[in-house]
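For reference, work_4.txt is printed below; it contains compact mmCIF, C-alpha atoms and all ligand atoms.
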```txt
# COMPACT_ATOMS: atom_id res chain seq x y z
CA MET A 1 -87.64 -5.45 64.45
CA SER A 2 -84.46 -7.05 63.10
CA LEU A 3 -82.00 -4.62 61.58
CA PRO A 4 -80.22 -4.89 58.20
CA ASN A 5 -76.78 -6.45 58.20
CA LEU A 6 -74.97 -3.28 57.23
CA ALA A 7 -72.14 -1.42 58.96
CA ILE A 8 -70.12 1.72 58.34
CA ASP A 9 -66.39 1.65 57.57
CA PRO A 10 -64.75 2.85 60.84
CA ALA A 11 -61.32 3.54 59.29
CA ARG A 12 -62.78 5.58 56.44
CA LEU A 13 -64.87 7.63 58.89
CA TRP A 14 -61.90 8.26 61.18
CA ASP A 15 -59.63 9.24 58.26
CA THR A 16 -62.26 11.67 57.00
CA ILE A 17 -62.52 13.27 60.46
CA MET A 18 -58.74 13.63 60.69
CA ASP A 19 -58.40 14.93 57.10
CA THR A 20 -61.00 17.67 57.41
CA ALA A 21 -59.57 18.63 60.84
CA LYS A 22 -56.68 20.13 58.87
CA ILE A 23 -59.04 22.85 57.60
CA GLY A 24 -58.51 25.38 60.37
CA GLY A 25 -56.37 22.95 62.40
CA THR A 26 -54.54 24.53 65.36
CA ALA A 27 -51.12 23.83 66.87
CA LYS A 28 -52.76 22.30 69.96
CA GLY A 29 -54.65 19.74 67.86
CA GLY A 30 -58.00 21.48 67.71
CA ILE A 31 -59.80 23.47 65.03
CA LYS A 32 -60.52 27.19 64.67
CA ARG A 33 -63.15 27.36 61.95
CA LEU A 34 -65.53 30.15 62.84
CA THR A 35 -68.77 30.30 60.92
CA LEU A 36 -68.85 32.15 57.58
CA THR A 37 -65.08 32.60 57.39
CA GLU A 38 -62.98 31.48 54.43
CA LEU A 39 -62.12 28.28 56.36
CA ASP A 40 -65.82 27.56 56.80
CA ALA A 41 -66.25 28.09 53.04
CA GLU A 42 -63.37 25.70 52.38
CA VAL A 43 -64.83 22.87 54.47
CA ARG A 44 -68.25 23.51 52.89
CA ARG A 45 -66.80 23.17 49.39
CA TRP A 46 -65.03 19.97 50.46
CA PHE A 47 -68.27 18.61 51.96
CA ILE A 48 -70.28 19.34 48.81
CA ALA A 49 -67.70 17.64 46.58
CA ALA A 50 -67.55 14.58 48.88
CA CYS A 51 -71.34 14.25 48.93
CA GLU A 52 -71.58 14.59 45.16
CA GLU A 53 -68.94 11.92 44.82
CA ALA A 54 -71.11 9.71 47.08
CA GLY A 55 -74.01 10.07 44.64
CA CYS A 56 -75.89 13.05 46.11
CA THR A 57 -77.37 16.18 44.66
CA VAL A 58 -76.73 19.24 46.79
CA THR A 59 -78.97 22.22 47.46
CA ILE A 60 -78.35 25.25 49.67
CA ASP A 61 -80.96 27.43 51.34
CA ASP A 62 -80.80 31.17 51.92
CA MET A 63 -79.31 30.67 55.41
CA GLY A 64 -76.44 28.71 53.88
CA ASN A 65 -77.69 25.36 55.21
CA ILE A 66 -76.40 22.61 52.90
CA PHE A 67 -78.58 19.59 52.03
CA ALA A 68 -76.93 16.59 50.33
CA ARG A 69 -79.61 14.25 49.05
CA ARG A 70 -79.30 10.58 48.16
CA PRO A 71 -82.39 9.51 46.25
CA GLY A 72 -84.68 6.80 47.60
CA ARG A 73 -87.16 4.48 45.91
CA ASP A 74 -89.93 7.07 46.34
CA ASN A 75 -88.60 10.57 45.83
CA SER A 76 -91.98 12.15 46.40
CA LEU A 77 -91.45 11.38 50.12
CA PRO A 78 -89.66 13.88 52.37
CA PRO A 79 -86.12 12.78 53.25
CA ILE A 80 -84.88 11.25 56.48
CA ALA A 81 -82.15 13.66 57.50
CA ILE A 82 -78.88 13.49 59.41
CA GLY A 83 -77.65 16.93 60.43
CA SER A 84 -75.07 18.71 62.53
CA HIS A 85 -72.46 21.47 62.03
CA LEU A 86 -68.97 21.99 60.64
CA ASP A 87 -68.30 25.37 62.30
CA THR A 88 -66.27 25.45 65.52
CA GLN A 89 -65.50 27.59 68.54
CA PRO A 90 -62.35 29.79 68.38
CA THR A 91 -60.57 27.07 70.37
CA GLY A 92 -62.73 24.19 69.18
CA GLY A 93 -62.03 20.49 69.03
CA LYS A 94 -62.11 18.02 66.16
CA TYR A 95 -65.41 16.38 67.10
CA ASP A 96 -68.09 18.86 68.24
CA GLY A 97 -70.65 18.90 65.39
CA ILE A 98 -68.16 17.50 62.94
CA ILE A 99 -68.70 13.82 63.72
CA GLY A 100 -72.42 14.38 63.15
CA VAL A 101 -71.96 15.65 59.60
CA LEU A 102 -69.11 13.32 58.68
CA SER A 103 -70.87 10.22 60.02
CA GLY A 104 -73.76 11.26 57.77
CA LEU A 105 -71.34 11.30 54.85
CA GLU A 106 -69.98 7.91 55.93
CA LEU A 107 -73.52 6.57 55.97
CA LEU A 108 -74.06 7.80 52.40
CA ARG A 109 -70.85 6.08 51.32
CA THR A 110 -71.88 2.87 53.11
CA LEU A 111 -75.28 2.80 51.41
CA ARG A 112 -73.67 3.49 48.03
CA ASP A 113 -71.08 0.71 48.44
CA ALA A 114 -73.74 -1.77 49.52
CA GLY A 115 -76.12 -0.68 46.74
CA TYR A 116 -78.71 -0.35 49.52
CA GLU A 117 -81.90 1.43 48.52
CA THR A 118 -83.98 3.21 51.11
CA THR A 119 -87.57 4.13 50.37
CA HIS A 120 -87.21 7.72 51.58
CA PRO A 121 -84.44 9.88 50.22
CA ILE A 122 -81.64 10.34 52.76
CA GLU A 123 -80.19 13.80 53.35
CA VAL A 124 -77.09 14.92 55.19
CA ILE A 125 -77.25 18.52 56.41
CA ASP A 126 -74.58 21.00 57.44
CA TRP A 127 -76.41 23.62 59.54
CA THR A 128 -74.91 27.13 59.43
CA ASN A 129 -73.65 28.81 62.62
CA GLU A 130 -74.51 26.28 65.27
CA GLU A 131 -71.84 27.58 67.62
CA GLY A 132 -73.08 31.14 68.06
CA SER A 133 -69.54 32.18 68.87
CA ARG A 134 -69.15 34.68 66.05
CA PHE A 135 -72.83 35.53 65.57
CA ALA A 136 -75.14 35.13 68.60
CA PRO A 137 -77.34 33.28 69.17
CA ALA A 138 -76.28 29.68 68.66
CA MET A 139 -78.25 27.37 66.33
CA LEU A 140 -79.17 30.41 64.26
CA SER A 141 -79.92 28.75 60.94
CA SER A 142 -81.63 25.66 62.29
CA GLY A 143 -83.62 28.22 64.31
CA VAL A 144 -84.79 29.93 61.11
CA PHE A 145 -85.50 26.47 59.64
CA GLY A 146 -87.56 25.57 62.72
CA GLY A 147 -89.52 28.85 62.64
CA GLN A 148 -87.94 30.35 65.79
CA PHE A 149 -86.33 33.33 64.01
CA THR A 150 -87.05 35.14 60.77
CA ARG A 151 -84.43 35.09 58.06
CA ASP A 152 -84.12 38.88 58.07
CA TRP A 153 -83.60 39.01 61.83
CA ALA A 154 -80.86 36.39 61.42
CA TYR A 155 -79.26 38.36 58.56
CA ALA A 156 -79.05 41.42 60.82
CA ARG A 157 -77.06 39.67 63.61
CA GLU A 158 -73.65 41.29 63.96
CA ASP A 159 -70.32 39.89 65.09
CA ARG A 160 -68.17 41.85 67.57
CA ASP A 161 -66.63 43.76 64.62
CA GLY A 162 -70.04 44.89 63.39
CA VAL A 163 -70.15 42.53 60.36
CA ARG A 164 -73.71 41.42 59.59
CA PHE A 165 -74.46 37.71 59.25
CA GLY A 166 -76.19 38.30 55.89
CA ASP A 167 -73.14 40.11 54.50
CA ALA A 168 -70.73 37.43 55.74
CA LEU A 169 -72.90 34.72 54.16
CA THR A 170 -72.90 36.61 50.84
CA GLU A 171 -69.16 37.17 51.10
CA ILE A 172 -68.39 33.43 51.28
CA GLY A 173 -70.85 32.75 48.43
CA PHE A 174 -73.29 30.53 50.31
CA VAL A 175 -76.66 32.28 49.96
CA GLY A 176 -78.68 29.51 48.32
CA GLU A 177 -81.91 29.89 46.40
CA GLU A 178 -84.24 27.83 48.55
CA PRO A 179 -86.06 29.87 51.22
CA CYS A 180 -84.95 28.50 54.60
CA GLY A 181 -87.60 26.30 56.21
CA GLN A 182 -89.37 25.27 53.02
CA HIS A 183 -87.78 21.85 53.11
CA PRO A 184 -89.94 19.18 54.74
CA LEU A 185 -88.13 16.40 56.60
CA ALA A 186 -89.62 13.01 57.52
CA ALA A 187 -87.24 12.80 60.50
CA HIS A 188 -83.93 14.22 61.72
CA PHE A 189 -81.13 12.42 63.59
CA GLU A 190 -77.89 13.85 64.95
CA LEU A 191 -74.80 12.08 66.29
CA HIS A 192 -72.69 14.21 68.66
CA ILE A 193 -70.11 13.84 71.38
CA GLU A 194 -71.69 14.16 74.83
CA GLN A 195 -69.55 17.17 75.81
CA GLY A 196 -69.97 16.09 79.43
CA PRO A 197 -68.58 13.39 81.73
CA ILE A 198 -71.53 11.03 82.30
CA LEU A 199 -71.11 8.34 79.62
CA GLU A 200 -67.39 7.97 80.28
CA ALA A 201 -67.90 7.77 84.05
CA GLU A 202 -70.52 5.03 83.65
CA ASP A 203 -68.65 3.16 80.90
CA ARG A 204 -71.49 3.57 78.41
CA VAL A 205 -70.86 3.85 74.70
CA ILE A 206 -74.16 5.38 73.60
CA GLY A 207 -76.28 8.14 75.07
CA VAL A 208 -79.92 7.94 73.96
CA VAL A 209 -80.70 11.64 74.02
CA THR A 210 -84.24 12.36 75.18
CA GLY A 211 -84.08 16.17 75.07
CA VAL A 212 -82.09 19.36 75.43
CA GLN A 213 -82.09 21.62 78.46
CA GLY A 214 -83.33 25.24 78.31
CA MET A 215 -80.82 28.02 77.63
CA ARG A 216 -80.94 31.79 78.03
CA TRP A 217 -78.30 34.28 76.90
CA TYR A 218 -78.01 37.86 78.18
CA GLU A 219 -75.86 40.83 77.23
CA VAL A 220 -74.88 43.30 79.95
CA THR A 221 -73.31 46.73 79.55
CA VAL A 222 -71.99 48.42 82.68
CA THR A 223 -71.28 52.14 82.47
CA GLY A 224 -69.06 54.03 84.90
CA ASN A 225 -66.52 56.74 84.25
CA ASP A 226 -63.06 56.54 82.64
CA SER A 227 -60.62 58.26 84.93
CA HIS A 228 -56.99 58.40 85.96
CA ALA A 229 -55.72 55.35 87.87
CA GLY A 230 -53.22 57.39 89.83
CA SER A 231 -55.12 60.48 90.84
CA THR A 232 -58.71 59.30 91.40
CA PRO A 233 -59.25 58.46 95.10
CA MET A 234 -60.95 55.12 95.75
CA PRO A 235 -64.23 56.56 97.12
CA LEU A 236 -64.71 58.74 94.01
CA ARG A 237 -64.44 56.00 91.41
CA HIS A 238 -67.14 54.70 89.05
CA ASP A 239 -65.28 51.55 88.08
CA ALA A 240 -67.30 49.56 85.56
CA LEU A 241 -64.91 46.60 85.65
CA LEU A 242 -65.05 46.30 89.44
CA ALA A 243 -68.85 46.28 89.23
CA ALA A 244 -68.72 43.70 86.44
CA ALA A 245 -66.46 41.48 88.56
CA ARG A 246 -69.04 41.56 91.34
CA MET A 247 -71.78 40.79 88.81
CA ILE A 248 -69.82 37.80 87.47
CA GLU A 249 -69.60 36.41 90.99
CA ALA A 250 -73.38 36.92 91.32
CA VAL A 251 -73.98 34.91 88.10
CA HIS A 252 -71.91 32.10 89.59
CA GLN A 253 -73.81 32.19 92.88
CA ILE A 254 -77.22 32.16 91.15
CA ALA A 255 -76.23 28.96 89.34
CA ILE A 256 -74.83 27.41 92.54
CA ARG A 257 -78.07 28.18 94.39
CA ASN A 258 -79.99 26.25 91.72
CA ALA A 259 -77.59 23.32 91.70
CA PRO A 260 -77.20 20.50 90.86
CA ASP A 261 -78.74 21.05 87.43
CA ALA A 262 -78.20 24.78 86.86
CA VAL A 263 -75.13 26.25 85.21
CA GLY A 264 -74.16 29.89 84.72
CA THR A 265 -71.25 31.27 82.70
CA VAL A 266 -69.73 34.62 81.78
CA GLY A 267 -67.66 33.70 78.72
CA LEU A 268 -67.08 36.99 76.93
CA ILE A 269 -66.00 40.27 78.48
CA GLU A 270 -64.73 43.51 76.96
CA ALA A 271 -63.45 46.37 79.14
CA ARG A 272 -63.02 49.85 77.70
CA PRO A 273 -60.72 51.58 77.15
CA ASN A 274 -58.63 48.58 78.33
CA SER A 275 -55.61 50.58 79.30
CA ARG A 276 -53.69 49.69 82.45
CA ASN A 277 -53.74 53.17 83.97
CA VAL A 278 -57.33 54.08 83.17
CA ILE A 279 -60.21 53.09 85.46
CA PRO A 280 -62.53 51.26 83.02
CA GLY A 281 -65.57 53.33 82.14
CA GLU A 282 -67.49 50.68 80.24
CA VAL A 283 -67.69 46.90 80.32
CA PHE A 284 -69.63 44.55 78.08
CA PHE A 285 -70.15 40.94 79.13
CA THR A 286 -72.37 37.98 78.32
CA VAL A 287 -74.27 35.56 80.57
CA ASP A 288 -75.24 31.97 79.66
CA PHE A 289 -77.76 30.27 81.99
CA ARG A 290 -78.96 26.69 81.47
CA HIS A 291 -81.36 24.34 83.26
CA PRO A 292 -83.65 21.50 82.13
CA ASP A 293 -86.68 23.27 83.69
CA ASP A 294 -87.83 26.55 82.10
CA ALA A 295 -89.49 27.63 85.38
CA VAL A 296 -86.14 27.45 87.18
CA LEU A 297 -84.56 29.48 84.38
CA ALA A 298 -87.26 32.12 84.82
CA SER A 299 -86.43 32.40 88.52
CA MET A 300 -82.71 32.56 87.75
CA GLU A 301 -83.48 35.43 85.39
CA GLN A 302 -85.33 37.30 88.14
CA ALA A 303 -82.41 36.74 90.48
CA LEU A 304 -80.04 38.07 87.81
CA HIS A 305 -82.00 41.31 87.43
CA ALA A 306 -82.10 41.82 91.20
CA ALA A 307 -78.40 41.10 91.63
CA LEU A 308 -77.26 43.38 88.79
CA SER A 309 -79.41 46.28 89.99
CA GLY A 310 -78.16 45.95 93.56
CA ILE A 311 -74.51 45.72 92.52
CA ALA A 312 -74.77 48.62 90.07
CA GLU A 313 -76.22 50.85 92.76
CA ALA A 314 -73.67 49.84 95.39
CA SER A 315 -70.84 50.30 92.86
CA ALA A 316 -71.92 53.78 91.63
CA VAL A 317 -72.37 52.65 88.03
CA THR A 318 -75.34 52.12 85.74
CA HIS A 319 -76.13 49.03 83.75
CA ALA A 320 -78.31 47.74 80.91
CA VAL A 321 -79.19 44.06 80.51
CA SER A 322 -81.11 42.30 77.75
CA CYS A 323 -82.07 38.70 77.18
CA ILE A 324 -80.94 38.06 73.61
CA TRP A 325 -81.83 34.37 73.43
CA ASN A 326 -84.32 32.10 75.11
CA SER A 327 -84.22 28.52 73.90
CA PRO A 328 -86.76 26.53 75.94
CA ALA A 329 -86.16 22.96 77.07
CA VAL A 330 -86.95 20.44 74.31
CA ARG A 331 -88.25 16.87 74.51
CA PHE A 332 -87.38 14.74 71.48
CA ASP A 333 -89.78 12.52 69.53
CA ALA A 334 -90.60 9.22 71.28
CA GLU A 335 -90.41 7.16 68.10
CA CYS A 336 -87.00 8.58 67.10
CA ILE A 337 -85.72 8.04 70.66
CA GLY A 338 -87.03 4.47 70.46
CA ALA A 339 -85.24 3.88 67.14
CA VAL A 340 -81.94 4.99 68.67
CA ARG A 341 -82.41 2.91 71.83
CA HIS A 342 -83.32 -0.17 69.80
CA ALA A 343 -80.29 0.28 67.52
CA ALA A 344 -78.01 0.61 70.58
CA GLU A 345 -79.49 -2.55 72.10
CA GLN A 346 -79.24 -4.54 68.88
CA GLY A 347 -75.64 -3.40 68.43
CA GLY A 348 -74.83 -4.60 71.96
CA PHE A 349 -73.63 -1.16 73.06
CA PRO A 350 -73.97 -0.20 76.74
CA HIS A 351 -76.29 2.80 76.74
CA ARG A 352 -78.36 5.12 78.91
CA ASP A 353 -80.90 7.87 78.41
CA ILE A 354 -79.48 11.36 78.77
CA ILE A 355 -80.55 15.02 78.51
CA SER A 356 -78.21 17.27 76.57
CA GLY A 357 -76.50 20.06 78.46
CA ALA A 358 -75.28 21.60 75.21
CA GLY A 359 -77.38 23.24 72.54
CA HIS A 360 -77.83 21.46 69.22
CA ASP A 361 -79.47 22.13 65.86
CA SER A 362 -81.75 19.20 66.64
CA ALA A 363 -83.40 21.27 69.38
CA TYR A 364 -84.83 23.63 66.75
CA VAL A 365 -85.39 21.05 64.01
CA ALA A 366 -87.51 19.12 66.55
CA ALA A 367 -90.19 21.82 66.16
CA VAL A 368 -90.78 20.82 62.53
CA ALA A 369 -89.73 17.16 62.23
CA PRO A 370 -89.58 14.09 64.49
CA THR A 371 -86.05 14.29 65.88
CA SER A 372 -83.61 12.71 68.29
CA MET A 373 -79.90 12.47 68.96
CA ILE A 374 -77.16 9.96 69.76
CA PHE A 375 -74.28 10.79 72.10
CA VAL A 376 -70.89 9.12 72.31
CA PRO A 377 -68.39 9.76 75.12
CA CYS A 378 -65.57 12.28 74.92
CA ALA A 379 -62.49 12.12 77.14
CA ARG A 380 -63.11 13.58 80.62
CA GLY A 381 -66.18 15.32 79.19
CA ILE A 382 -63.97 18.08 77.81
CA SER A 383 -65.40 20.06 74.89
CA HIS A 384 -65.19 23.60 73.50
CA ASN A 385 -61.48 22.99 73.93
CA GLU A 386 -58.74 22.10 71.46
CA LEU A 387 -57.96 19.02 73.59
CA GLU A 388 -61.44 17.55 72.97
CA SER A 389 -60.95 13.87 72.20
CA ALA A 390 -63.05 10.80 71.38
CA GLU A 391 -62.24 7.14 70.84
CA PRO A 392 -62.45 5.87 67.23
CA GLU A 393 -64.49 2.85 68.31
CA HIS A 394 -67.01 5.04 70.14
CA VAL A 395 -67.44 7.28 67.10
CA ALA A 396 -67.87 4.18 64.93
CA ALA A 397 -70.43 2.75 67.37
CA GLY A 398 -72.35 6.04 67.24
CA ALA A 399 -72.28 6.06 63.43
CA ASN A 400 -73.56 2.47 63.31
CA VAL A 401 -76.39 3.32 65.71
CA LEU A 402 -77.15 6.33 63.50
CA LEU A 403 -77.21 4.12 60.39
CA GLN A 404 -79.53 1.57 61.98
CA ALA A 405 -81.84 4.21 63.48
CA VAL A 406 -82.18 5.89 60.07
CA LEU A 407 -82.90 2.60 58.29
CA ALA A 408 -85.38 1.55 60.99
CA MET A 409 -87.18 4.87 60.68
CA ASP A 410 -87.34 4.41 56.91
CA SER A 411 -89.05 1.02 57.36
CA THR A 412 -91.35 2.19 60.16
CA LEU A 413 -92.66 5.13 58.16
CA VAL A 414 -93.18 2.97 55.06
CA GLU A 415 -95.05 0.30 57.06
CA ARG A 416 -97.23 2.96 58.66
CA ALA A 417 -98.11 4.47 55.29
CA ARG A 418 -99.10 1.00 54.01
CA ALA A 419 -101.26 0.14 57.02
C1 LIG A 501 -73.42 25.18 71.60
O1 LIG A 501 -72.34 24.68 71.29
C2 LIG A 501 -73.75 25.43 72.98
O2 LIG A 501 -74.23 24.51 73.66
O3 LIG A 501 -73.45 26.52 73.46
MN MN A 502 -72.09 20.99 68.57
MN MN A 503 -70.22 23.56 70.30
```

Serialized structure, structure tokens:
Amino acid sequence: MSLPNLAIDPARLWDTIMDTAKIGGTAKGGIKRLTLTELDAEVRRWFIAACEEAGCTVTIDDMGNIFARRPGRDNSLPPIAIGSHLDTQPTGGKYDGIIGVLSGLELLRTLRDAGYETTHPIEVIDWTNEEGSRFAPAMLSSGVFGGQFTRDWAYAREDRDGVRFGDALTEIGFVGEEPCGQHPLAAHFELHIEQGPILEAEDRVIGVVTGVQGMRWYEVTVTGNDSHAGSTPMPLRHDALLAAARMIEAVHQIAIRNAPDAVGTVGLIEARPNSRNVIPGEVFFTVDFRHPDDAVLASMEQALHAALSGIAEASAVTHAVSCIWNSPAVRFDAECIGAVRHAAEQGGFPHRDIISGAGHDSAYVAAVAPTSMIFVPCARGISHNELESAEPEHVAAGANVLLQAVLAMDSTLVERARA
């Protein structure tokens, strides 16, 4: 299939990325824009205004997901969607999620300027709380959209200060009227930085993402005894932090044993009372395990339980562990993958197939709509870091592949309906 002679405006896209990076911009050049904070509200208001200016009508669902819709020739058809997220990690970069939403906006502007009419409506979506940093788990609102979680369960998630997701969403004024999930999509595409080193190492510009690896999150509480650091002899201690340190090493070893594809991370730890001359009596920490094969993740989970029990006993403490999130491995839609690969080939961009190591809203949307993703390289694979960086021409290449994949999907679906 030959593709329309249409291209995005790379300078306008780059300027938009740099302009919105000021909302929550950090001294080190990153962004701190945690979900459902006032900064998140500010970028949402900016996004809505920009989409309206590009000719869209905007609706919001009751998980705060924002849908900016550009009409097509046949508005009885479900839209072809482009979605990602505008929230960031506490020390986030300028690209993770953001280039997905802003390249969607750029695509809307490109279609408007060209007077190009699609048959399906086109929608650009900002999914709420992709990061899962403030409210676990990640991909919470696309998860409700995809039927993985109920809205009320999502509303009850609490941040580390005990603020409920539902209350924070109300507080920033983004509880929309549409019930989340009652919004059919003809297809969903997402452009994202790779967040890993493969594309850069192989000098490829486009990753044709075929799926997302499985992820499991656990919360562990270790309970010992607070006691005096000076007067409690070593053999009589019930040191929850010492036990947690041993457990963290065990998490690392479990991932190493399942290498090369497994990863295991303890990213959040709280010791109580956190006073330098008190032996810590309680420690809370999180575990993040990932692997492309759910069976391997299940065996890593068994190993985790065995290791924690053994360490707790040997360390004279008790522990409680719960799996708070299980996101199985996802395989994207063959036709959407094909549309991305074809667009990369036609654009002359060196490309390769790739499985995502990071979680994405697309993983949950894939349960309810044909979906795939496009990756572009980021410097040294660094992400979830203020130093995250991507080349303007790579982002532009990704946005052009996105544009062509969306337009190709529009034609394919129309031709199929006619046949
Ligand atoms: C989301 O950013 C994740 O992969 O943890
Ligand atoms: Mn992301
Ligand atoms: Mn992220």

Find the smallest box with edges along x, y and z containing every listed atom of range 231-245 of chain A, then add 8 Å on each side and report centre and edge lengths in Å to one decimal, as lines of an AutoDock Vina configuration file.
```
center_x = -62.0
center_y = 51.0
center_z = 91.3
size_x = 29.7
size_y = 35.0
size_z = 27.6
```

Please identify all polymer residues within 10 Å of range 338-346 of chain A, counting all atoms listed in the file, omitting same-chain residues fewer than 2 positions from it, and present them as number ranges by chain. A: 1-3, 189, 205-210, 333-336, 348-353, 372-374, 397-398, 400-409, 412

Let me make sure I understand: among A:Arg12, A:His394, A:His228, A:His85, which one has the smallest atom-to-atom distance to ligand LIG 501 (chain A) if we use only C-alpha atoms and all ligand atoms?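 Once distances to ligand LIG 501 (chain A) are computed over only C-alpha atoms and all ligand atoms, the minimum belongs to A:His85.
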
Grab me every residue within 9 Å of ligand LIG 501 (chain A), counting all atoms listed in the file, and send it over as a PyMOL selection string. chain A and resi 88-89+96-97+130-133+137-139+195+215+288+356-361+384

Minimum-distance residue to Ser315 in chain A, chosen among A:Pro260, A:Pro79, A:Gly224, A:Pro328 (using all atoms listed in the file):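 Closest residue, counting all atoms listed in the file: A:Gly224.
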
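Considering the residues A:Tyr116, A:Trp127, A:Phe289, A:Tyr218 and counting only C-alpha atoms and all ligand atoms, ligand MN 502 (chain A) has its shortest atom-to-atom contact with A:Trp127.
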
Can you measure CA of Ala312 in chain A to CA of Met300 in chain A for me? One decimal in Å is fine.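 If I compute the distance from CA of Ala312 in chain A to CA of Met300 in chain A, I get 18.1 Å.
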
Applying 8 Å and all atoms listed in the file, which residues near range 7-11 of chain A remain after dropping the ones on its own chain fewer than 3 positions away? List them as a PyMOL selection string. chain A and resi 14-15+106-107+110+392-393+396+399-400+403

C-alpha atoms of the current selection, written as an mmCIF file, in the coordinates of the input:
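Writing the result to part30.cif gives the following:
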```cif
data_model
loop_
_atom_site.group_PDB
_atom_site.id
_atom_site.type_symbol
_atom_site.label_atom_id
_atom_site.label_comp_id
_atom_site.auth_asym_id
_atom_site.auth_seq_id
_atom_site.Cartn_x
_atom_site.Cartn_y
_atom_site.Cartn_z
ATOM 1 C CA TRP A 14 -61.900 8.260 61.180
ATOM 2 C CA ASP A 15 -59.630 9.240 58.260
ATOM 3 C CA GLU A 106 -69.980 7.910 55.930
ATOM 4 C CA LEU A 107 -73.520 6.570 55.970
ATOM 5 C CA THR A 110 -71.880 2.870 53.110
ATOM 6 C CA PRO A 392 -62.450 5.870 67.230
ATOM 7 C CA GLU A 393 -64.490 2.850 68.310
ATOM 8 C CA ALA A 396 -67.870 4.180 64.930
ATOM 9 C CA ALA A 399 -72.280 6.060 63.430
ATOM 10 C CA ASN A 400 -73.560 2.470 63.310
ATOM 11 C CA LEU A 403 -77.210 4.120 60.390
#
```

In terms of the shortest atom-to-atom distance over all atoms listed in the file, which of A:Gly310, A:Gly173, A:Val317, A:Glu219 is closest to Asp239 in chain A?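 Comparing A:Gly310, A:Gly173, A:Val317, A:Glu219 against Asp239 in chain A, the winner is A:Val317.
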
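If you measure from each of A:Ala187, A:Ala419, A:Ile99, A:Met234 to ligand MN 502 (chain A) using all atoms listed in the file, the closest one turns out to be A:Ile99.
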
Residue nearest Val376 in chain A - candidates A:Val175, A:Ala390, A:Leu140, A:Val251, atoms counted: only C-alpha atoms: A:Ala390

Calculate how many Å separate CA of Trp153 in chain A from CA of Thr91 in chain A, rounding to one decimal.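 Atom-to-atom, CA of Trp153 in chain A and CA of Thr91 in chain A are spaced 27.3 Å apart.
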
Leaving out Ala314 in chain A and any residue of its chain fewer than 4 positions from it, which residues lie within 12 Å of it when counting all atoms listed in the file, given as a list in words?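 Surrounding residues, per the criterion: Pro235, Arg237, His238, Asp239, Ala240, Leu242, Ala243, Ala244, Arg246, Met247, Ala307, Leu308, Ser309, Gly310, Thr318 and His319 of chain A.
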
Saved selection, atoms kept: C-alpha atoms, as a CSV table (one decimal), in the frame of the given file:
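Resulting contents of again_2.csv:
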```
chain,number,residue,atom,x,y,z
A,235,PRO,CA,-64.2,56.6,97.1
A,237,ARG,CA,-64.4,56.0,91.4
A,238,HIS,CA,-67.1,54.7,89.0
A,239,ASP,CA,-65.3,51.6,88.1
A,240,ALA,CA,-67.3,49.6,85.6
A,242,LEU,CA,-65.0,46.3,89.4
A,243,ALA,CA,-68.8,46.3,89.2
A,244,ALA,CA,-68.7,43.7,86.4
A,246,ARG,CA,-69.0,41.6,91.3
A,247,MET,CA,-71.8,40.8,88.8
A,307,ALA,CA,-78.4,41.1,91.6
A,308,LEU,CA,-77.3,43.4,88.8
A,309,SER,CA,-79.4,46.3,90.0
A,310,GLY,CA,-78.2,46.0,93.6
A,318,THR,CA,-75.3,52.1,85.7
A,319,HIS,CA,-76.1,49.0,83.8
```

May I have the protein, DNA and RNA residues with an atom at most 6 Å from (-75.4, 18.2, 56.1), counting all atoms listed in the file in the file's coordinates, returned as a PyMOL selection string? chain A and resi 66-67+83+101+124-126

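Excluding range 277-283 of chain A itself and any same-chain residue fewer than 2 positions from it, the protein and nucleic acid residues within 6 Å of it, counting only C-alpha atoms, are Thr221, Val222, Thr223, Gly224, Asn225, Asp226, Ser227, His228, Ala229, Asp239, Ala240, Leu241, Glu270, Ala271, Arg272 and Ser275 of chain A.
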